[in-house]
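**Student:** File work.tsv follows (TSV, C-alpha atoms):
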chain	number	residue	atom	x	y	z
A	1327	MET	CA	77.35	-61.47	61.78
A	1328	THR	CA	78.81	-61.82	58.27
A	1329	ALA	CA	78.66	-59.19	55.53
A	1330	THR	CA	75.86	-61.09	53.77
A	1331	ASP	CA	73.74	-60.87	56.93
A	1332	LEU	CA	73.84	-57.07	56.93
A	1333	PRO	CA	70.73	-55.24	55.68
A	1334	ILE	CA	70.41	-53.10	52.60
A	1335	LEU	CA	69.84	-49.51	53.69
A	1336	ILE	CA	67.16	-47.45	51.96
A	1337	LEU	CA	67.90	-43.83	52.80
A	1338	HIS	CA	64.37	-42.46	52.52
A	1339	THR	CA	64.37	-38.79	51.50
A	1340	GLY	CA	60.69	-38.15	50.74
A	1341	ASP	CA	57.46	-39.52	49.27
A	1342	PRO	CA	54.78	-38.86	46.68
A	1343	GLU	CA	51.78	-36.70	47.53
A	1344	GLU	CA	49.46	-38.54	49.93
A	1345	SER	CA	46.77	-39.67	47.47
A	1346	LEU	CA	49.43	-41.10	45.14
A	1347	ARG	CA	51.23	-42.72	48.06
A	1348	ALA	CA	47.98	-44.34	49.21
A	1349	ALA	CA	47.37	-45.74	45.74
A	1350	TYR	CA	50.90	-46.76	44.72
A	1351	GLY	CA	53.03	-46.90	47.87
A	1352	SER	CA	56.05	-45.04	49.16
A	1353	TYR	CA	59.36	-44.56	47.39
A	1354	VAL	CA	60.69	-47.30	49.65
A	1355	ASP	CA	57.98	-49.62	48.36
A	1356	PHE	CA	58.86	-48.77	44.76
A	1357	ILE	CA	62.53	-49.66	45.25
A	1358	CYS	CA	61.74	-52.88	47.08
A	1359	ARG	CA	59.31	-54.04	44.40
A	1360	THR	CA	61.63	-53.21	41.53
A	1361	ALA	CA	64.79	-54.60	43.13
A	1362	GLY	CA	63.08	-57.72	44.49
A	1363	LEU	CA	63.75	-56.88	48.13
A	1364	SER	CA	61.68	-58.18	51.03
A	1365	ALA	CA	61.27	-56.69	54.50
A	1366	ARG	CA	63.94	-59.01	55.89
A	1367	ASP	CA	66.49	-57.58	53.43
A	1368	VAL	CA	66.24	-53.89	54.26
A	1369	GLN	CA	66.46	-51.18	56.84
A	1370	ALA	CA	64.44	-48.18	55.67
A	1371	VAL	CA	65.39	-44.94	57.44
A	1372	PRO	CA	63.24	-41.84	56.78
A	1373	VAL	CA	65.91	-39.17	57.13
A	1374	PHE	CA	63.43	-36.55	55.91
A	1375	LEU	CA	61.52	-37.18	59.16
A	1376	GLY	CA	64.61	-36.73	61.29
A	1377	GLU	CA	65.70	-40.35	61.72
A	1378	GLN	CA	69.34	-41.29	61.28
A	1379	PRO	CA	70.94	-44.40	59.77
A	1380	ALA	CA	73.49	-46.48	61.64
A	1381	ALA	CA	77.18	-46.42	60.80
A	1382	PRO	CA	77.98	-47.28	57.15
A	1383	ASP	CA	79.81	-50.48	58.08
A	1384	LEU	CA	76.53	-51.91	59.43
A	1385	TYR	CA	75.04	-52.11	55.90
A	1386	ARG	CA	76.09	-54.03	52.82
A	1387	ALA	CA	74.72	-51.46	50.34
A	1388	ALA	CA	72.44	-48.42	50.23
A	1389	PHE	CA	69.77	-46.99	47.96
A	1390	ILE	CA	68.94	-43.28	48.23
A	1391	THR	CA	65.38	-42.45	47.16
A	1392	GLY	CA	63.84	-39.62	45.24
A	1393	SER	CA	62.11	-36.74	47.02
A	1394	PRO	CA	59.86	-33.74	46.37
A	1395	SER	CA	62.48	-31.63	48.18
A	1396	MET	CA	65.25	-29.69	46.46
A	1397	VAL	CA	68.92	-30.36	47.25
A	1398	THR	CA	69.72	-26.65	46.84
A	1399	ASP	CA	67.42	-25.79	49.77
A	1400	ARG	CA	70.11	-27.33	52.02
A	1401	GLU	CA	67.56	-28.49	54.57
A	1402	PRO	CA	69.25	-29.65	57.81
A	1403	TRP	CA	68.12	-33.26	57.42
A	1404	SER	CA	69.45	-33.28	53.85
A	1405	GLU	CA	72.83	-31.84	54.79
A	1406	GLN	CA	73.10	-34.40	57.61
A	1407	ALA	CA	72.34	-37.12	55.07
A	1408	ALA	CA	75.00	-35.68	52.75
A	1409	GLN	CA	77.58	-35.96	55.53
A	1410	TRP	CA	76.54	-39.58	56.13
A	1411	LEU	CA	76.99	-40.24	52.39
A	1412	ARG	CA	80.49	-38.77	52.50
A	1413	ASP	CA	81.33	-41.08	55.39
A	1414	ALA	CA	79.76	-44.04	53.57
A	1415	ALA	CA	81.79	-43.30	50.43
A	1416	ALA	CA	84.95	-43.21	52.54
A	1417	HIS	CA	83.97	-46.64	53.90
A	1418	ARG	CA	83.50	-47.88	50.29
A	1419	LEU	CA	79.84	-48.75	50.83
A	1420	PRO	CA	78.14	-49.62	47.52
A	1421	MET	CA	75.43	-47.00	46.88
A	1422	PHE	CA	72.76	-46.32	44.24
A	1423	GLY	CA	71.17	-42.86	44.24
A	1424	ILE	CA	67.93	-42.08	42.39
A	1425	CYS	CA	66.85	-38.55	41.33
A	1426	TYR	CA	67.17	-36.65	44.62
A	1427	GLY	CA	69.59	-39.37	45.71
A	1428	HIS	CA	71.59	-38.87	42.50
A	1429	GLN	CA	71.78	-35.15	43.17
A	1430	LEU	CA	72.47	-35.52	46.89
A	1431	LEU	CA	75.37	-37.89	46.29
A	1432	ALA	CA	76.79	-35.52	43.67
A	1433	HIS	CA	76.45	-32.59	46.09
A	1434	ALA	CA	77.98	-34.58	48.97
A	1435	LEU	CA	80.99	-35.67	46.92
A	1436	GLY	CA	81.91	-32.33	45.36
A	1437	GLY	CA	79.54	-31.84	42.43
A	1438	LEU	CA	77.13	-28.99	41.73
A	1439	VAL	CA	73.32	-29.23	41.71
A	1440	GLY	CA	70.90	-26.62	40.39
A	1441	TYR	CA	67.76	-26.00	38.38
A	1442	ASN	CA	68.07	-27.49	34.92
A	1443	PRO	CA	68.18	-24.61	32.42
A	1444	ALA	CA	66.40	-26.86	29.90
A	1445	GLY	CA	63.37	-26.96	32.20
A	1446	ARG	CA	61.40	-29.72	33.86
A	1447	GLU	CA	61.94	-33.21	32.46
A	1448	ILE	CA	58.94	-35.44	33.11
A	1449	GLY	CA	57.37	-38.50	31.55
A	1450	THR	CA	59.03	-41.32	29.62
A	1451	HIS	CA	62.06	-40.16	27.65
A	1452	ALA	CA	64.88	-41.75	25.71
A	1453	VAL	CA	68.18	-42.12	27.54
A	1454	GLU	CA	71.43	-42.81	25.70
A	1455	HIS	CA	74.16	-44.73	27.46
A	1456	LEU	CA	77.63	-43.61	26.62
A	1457	GLY	CA	80.15	-46.26	27.55
A	1458	ASP	CA	80.93	-49.83	28.39
A	1459	ASP	CA	79.89	-50.32	31.99
A	1460	PRO	CA	79.01	-53.65	33.63
A	1461	LEU	CA	75.61	-52.38	34.78
A	1462	LEU	CA	74.72	-51.44	31.20
A	1463	ALA	CA	75.95	-54.63	29.52
A	1464	GLY	CA	73.33	-55.74	27.01
A	1465	VAL	CA	71.24	-52.58	27.43
A	1466	PRO	CA	70.39	-50.92	24.09
A	1467	ARG	CA	72.32	-47.77	23.35
A	1468	ASP	CA	69.02	-45.85	23.57
A	1469	PHE	CA	66.46	-47.01	26.12
A	1470	PRO	CA	63.32	-45.46	27.67
A	1471	ALA	CA	63.31	-44.26	31.27
A	1472	GLN	CA	60.85	-42.49	33.57
A	1473	THR	CA	61.82	-38.94	34.49
A	1474	MET	CA	60.41	-36.48	37.02
A	1475	HIS	CA	62.72	-33.62	37.99
A	1476	ALA	CA	63.32	-29.88	37.83
A	1477	GLN	CA	66.83	-29.87	39.32
A	1478	SER	CA	69.82	-31.72	37.88
A	1479	VAL	CA	73.49	-32.38	38.46
A	1480	MET	CA	75.09	-29.40	36.75
A	1481	SER	CA	78.68	-30.54	37.36
A	1482	PRO	CA	79.48	-34.12	38.41
A	1483	PRO	CA	81.85	-34.79	41.32
A	1484	PRO	CA	85.57	-34.96	40.55
A	1485	GLY	CA	86.45	-38.24	38.86
A	1486	ALA	CA	82.84	-39.21	38.11
A	1487	VAL	CA	82.13	-40.92	34.79
A	1488	VAL	CA	78.98	-39.97	32.87
A	1489	LEU	CA	77.27	-43.20	31.84
A	1490	ALA	CA	74.10	-41.83	30.22
A	1491	ARG	CA	72.43	-38.65	29.00
A	1492	SER	CA	69.11	-37.48	27.61
A	1493	ALA	CA	68.12	-34.62	25.34
A	1494	MET	CA	67.40	-32.43	28.37
A	1495	ASP	CA	70.03	-33.65	30.83
A	1496	PRO	CA	73.67	-34.48	30.04
A	1497	HIS	CA	74.14	-36.28	33.39
A	1498	GLN	CA	71.38	-38.88	33.50
A	1499	MET	CA	73.60	-41.59	34.99
A	1500	LEU	CA	76.92	-41.38	36.80
A	1501	ARG	CA	79.47	-43.79	38.19
A	1502	ILE	CA	81.35	-42.24	41.10
A	1503	GLY	CA	84.31	-44.39	41.97
A	1504	GLU	CA	84.22	-48.16	41.94
A	1505	ASN	CA	80.84	-48.90	43.51
A	1506	ILE	CA	78.63	-45.79	43.54
A	1507	VAL	CA	76.08	-45.43	40.73
A	1508	THR	CA	73.41	-42.75	40.39
A	1509	THR	CA	70.55	-42.07	38.00
A	1510	GLN	CA	68.61	-38.89	37.44
A	1511	PHE	CA	65.87	-41.02	35.90
A	1512	HIS	CA	63.65	-43.30	37.99
A	1513	PRO	CA	64.29	-47.03	37.48
A	1514	GLU	CA	61.70	-47.76	40.18
A	1515	PHE	CA	58.71	-45.90	38.70
A	1516	SER	CA	55.94	-47.84	36.95
A	1517	PRO	CA	54.09	-46.42	33.94
A	1518	GLU	CA	50.88	-46.42	35.99
A	1519	PHE	CA	52.40	-44.21	38.68
A	1520	VAL	CA	53.88	-41.77	36.14
A	1521	ARG	CA	50.52	-41.41	34.38
A	1522	ALA	CA	48.74	-40.87	37.69
A	1523	HIS	CA	51.29	-38.26	38.75
A	1524	LEU	CA	50.93	-36.37	35.48
A	1525	GLN	CA	47.16	-36.37	35.83
A	1526	ARG	CA	47.32	-35.32	39.49
A	1527	TYR	CA	49.46	-32.28	38.62
A	1528	ALA	CA	48.02	-31.61	35.18
A	1529	ASP	CA	46.97	-28.03	35.94
A	1530	ALA	CA	50.33	-27.07	37.46
A	1531	TYR	CA	52.25	-28.58	34.56
A	1532	ALA	CA	49.97	-26.91	32.03
A	1533	ARG	CA	50.92	-23.58	33.60
A	1534	GLU	CA	54.53	-24.47	32.70
A	1535	ASN	CA	53.38	-24.91	29.09
A	1536	LEU	CA	53.82	-28.68	29.21
A	1537	ASP	CA	51.51	-30.74	26.99
A	1538	VAL	CA	50.27	-33.06	29.71
A	1539	ALA	CA	47.98	-35.08	27.43
A	1540	ALA	CA	50.88	-35.82	25.09
A	1541	LEU	CA	53.13	-36.71	28.04
A	1542	VAL	CA	50.50	-39.13	29.37
A	1543	ARG	CA	50.16	-40.76	25.94
A	1544	GLY	CA	53.93	-41.13	25.75
A	1545	VAL	CA	54.32	-43.04	29.03
A	1546	ARG	CA	55.45	-46.61	28.40
A	1547	PRO	CA	57.23	-49.46	30.19
A	1548	THR	CA	60.96	-49.07	30.93
A	1549	PRO	CA	62.28	-52.59	31.55
A	1550	HIS	CA	65.95	-51.83	30.87
A	1551	ALA	CA	65.97	-48.94	33.33
A	1552	ALA	CA	64.05	-50.96	35.93
A	1553	GLY	CA	66.54	-53.81	35.68
A	1554	LEU	CA	69.40	-51.61	36.89
A	1555	LEU	CA	68.41	-51.89	40.56
A	1556	ARG	CA	68.64	-55.67	40.64
A	1557	ARG	CA	71.79	-55.61	38.53
A	1558	PHE	CA	73.38	-53.30	41.08
A	1559	LEU	CA	72.50	-55.67	43.92
A	1560	ASP	CA	73.70	-58.72	42.02
A	1561	GLU	CA	77.04	-56.98	41.40
A	1562	TYR	CA	77.66	-55.49	44.85
A	1563	ALA	CA	75.29	-56.94	47.46
A	1564	PRO	CA	73.52	-60.14	46.35
A	1565	VAL	CA	70.31	-61.06	48.12
A	1566	SER	CA	68.56	-64.41	48.00
A	1567	GLY	CA	65.27	-64.95	46.23
A	1568	GLY	CA	63.39	-62.79	43.76
A	1569	PRO	CA	60.67	-60.15	43.98
A	1570	SER	CA	58.60	-60.79	47.06
A	1571	GLY	CA	55.61	-58.62	46.25
A	1572	THR	CA	55.71	-57.31	49.82
A	1573	ALA	CA	57.76	-54.26	50.67
A	1574	PRO	CA	58.37	-52.80	54.12
A	1575	SER	CA	56.63	-49.65	55.18
A	1576	PRO	CA	58.86	-46.57	55.32
A	1577	ARG	CA	58.87	-46.86	59.11
A	1578	ALA	CA	59.75	-50.56	59.16
A	1579	VAL	CA	63.29	-50.64	60.53
A	1580	ARG	CA	65.32	-53.76	60.94
A	1581	GLU	CA	68.01	-53.30	63.54
A	1582	PRO	CA	71.43	-54.45	62.30
As structure tokens - that is how I would like this structure written.
**Tutor:**
Amino acid sequence: MTATDLPILILHTGDPEESLRAAYGSYVDFICRTAGLSARDVQAVPVFLGEQPAAPDLYRAAFITGSPSMVTDREPWSEQAAQWLRDAAAHRLPMFGICYGHQLLAHALGGLVGYNPAGREIGTHAVEHLGDDPLLAGVPRDFPAQTMHAQSVMSPPPGAVVLARSAMDPHQMLRIGENIVTTQFHPEFSPEFVRAHLQRYADAYARENLDVAALVRGVRPTPHAAGLLRRFLDEYAPVSGGPSGTAPSPRAVREP
């Protein structure tokens, strides 16, 4: 088996609430649709359900999903995943962490995660990229991105480079070493899902003094953010073909 035959790992750390999942799919589905991955390309491992990925050298890259869990709760499955990420980083596996995955990678590699003192960031917000990075080549200095988080990376890991920030979060995108990239924002979220989520939790968010109606009105497409997932694959783990329209279920596991 050559390196190009190895699957892309999706380290699955959680899912939307059931009615939203039924309507829009799992976080694995979101990544596959946005990155143009088909079932034959990936091994999806739901670590939040107690499953474990194979050794890092049996994958050619990994995505780490978002989750409703909190990294600071230090749940056993999450800490086991953090140890796997440390091992994967030592093996120089290309990795892209999203939201919880962004925070979990930061935690695993020596950073600090906590509740964002600026409060919950949710909806479509402007993100400013801060430097010349290959994944951001041609991306406008300010671009819209979908956000949905209460915790943030408070201190990046040693040696990490901050690639982007927002008004509420100074660490919206990090590069950790040569081939690890993480985003607090959600490249994989569609406007339709973000609107549905806001409406599903409208009462809870209103109790936090968020203007849910205004947030819903402000949701818009985020093509530059969405393009980062495929750019990452093209740079570090090319796959053949384009978006397949069919993503694996979170339990669909391809054995390496």
**Student:** Measuring atom to atom with only C-alpha atoms, identify which of A:Ser1345, A:Gln1498, A:Ser1393, A:Gln1472 is nearest to Asn1442 in chain A.
**Tutor:** A:Gln1498
**Student:** As an exercise, work out the distance from CA of Tyr1385 in chain A to CA of Tyr1426 in chain A in Å and give it to one decimal place.
**Tutor:** 20.7 Å
**Student:** Pick out the residues sitting within 9 Å of range 1398-1413 of chain A, and hand them over as a list in words; count all atoms listed in the file, and ignore anything fewer than 3 positions along from it in its own chain.
**Tutor:** Leu1337, Thr1339, Val1373, Phe1374, Leu1375, Gly1376, Glu1377, Gln1378, Pro1379, Ala1381, Pro1382, Ser1395, Ala1416, His1417, Arg1418, Met1421, Leu1430, Leu1431, His1433, Ala1434, Leu1435, Val1439, Gly1440, Tyr1441 and Gln1477 of chain A
**Student:** Figure out the distance between CA of Gly1392 in chain A and CA of Gly1427 in chain A, please, to one decimal in Å.
**Tutor:**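 Straight-line distance from CA of Gly1427 in chain A to CA of Gly1392 in chain A works out to 5.8 Å.
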**Student:** Can you tell me, as a VMD selection string, what residues are no more than 10 Å from range 1455-1466 of chain A when counting only C-alpha atoms, ignoring any on the same chain fewer than 3 positions away?
**Tutor:** chain A and resid 1452 1469 to 1470 1487 to 1492 1498 to 1499 1501 1507 1549 to 1551 1553 to 1558 1560 to 1561
**Student:** With distances taken over all atoms listed in the file, which residue among A:Ala1530, A:Ala1432, A:Ala1370, A:Ala1539 lies nearest Leu1500 in chain A?
**Tutor:**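 Nearest to Leu1500 in chain A: A:Ala1432.
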**Student:** Given the choices A:Asp1341, A:Glu1504, A:Asp1495, A:Asp1383, which gets closest to Val1354 in chain A if the distance is worked out from only C-alpha atoms?
**Tutor:**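 Nearest to Val1354 in chain A: A:Asp1341.
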**Student:** Select, from A:Leu1346, A:Met1494, A:Phe1422, A:Asp1537, the residue with the minimum atom-to-atom distance to Ala1361 in chain A, counting all atoms listed in the file.
**Tutor:**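 The answer is A:Phe1422, which sits nearest to Ala1361 in chain A.
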**Student:** Figure out the distance between CA of Gly1485 in chain A and CA of His1338 in chain A, please, to one decimal in Å.
**Tutor:**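 About the pair CA of His1338 in chain A and CA of Gly1485 in chain A: they are 26.3 Å apart.
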**Student:** Go through A:Gln1369, A:Thr1473, A:Ser1481, A:Ser1352 and flag the residue nearest Cys1425 in chain A, using all atoms listed in the file for the distances.
**Tutor:**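 Selected residue with least distance to Cys1425 in chain A: A:Thr1473.
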**Student:** Can you work out which one of A:Ala1563, A:Met1474, A:Ala1532, A:Ala1522 has the shortest atom-to-atom distance to Leu1363 in chain A, counting only C-alpha atoms?
**Tutor:**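 So, comparing all the options, the nearest one is A:Ala1563.
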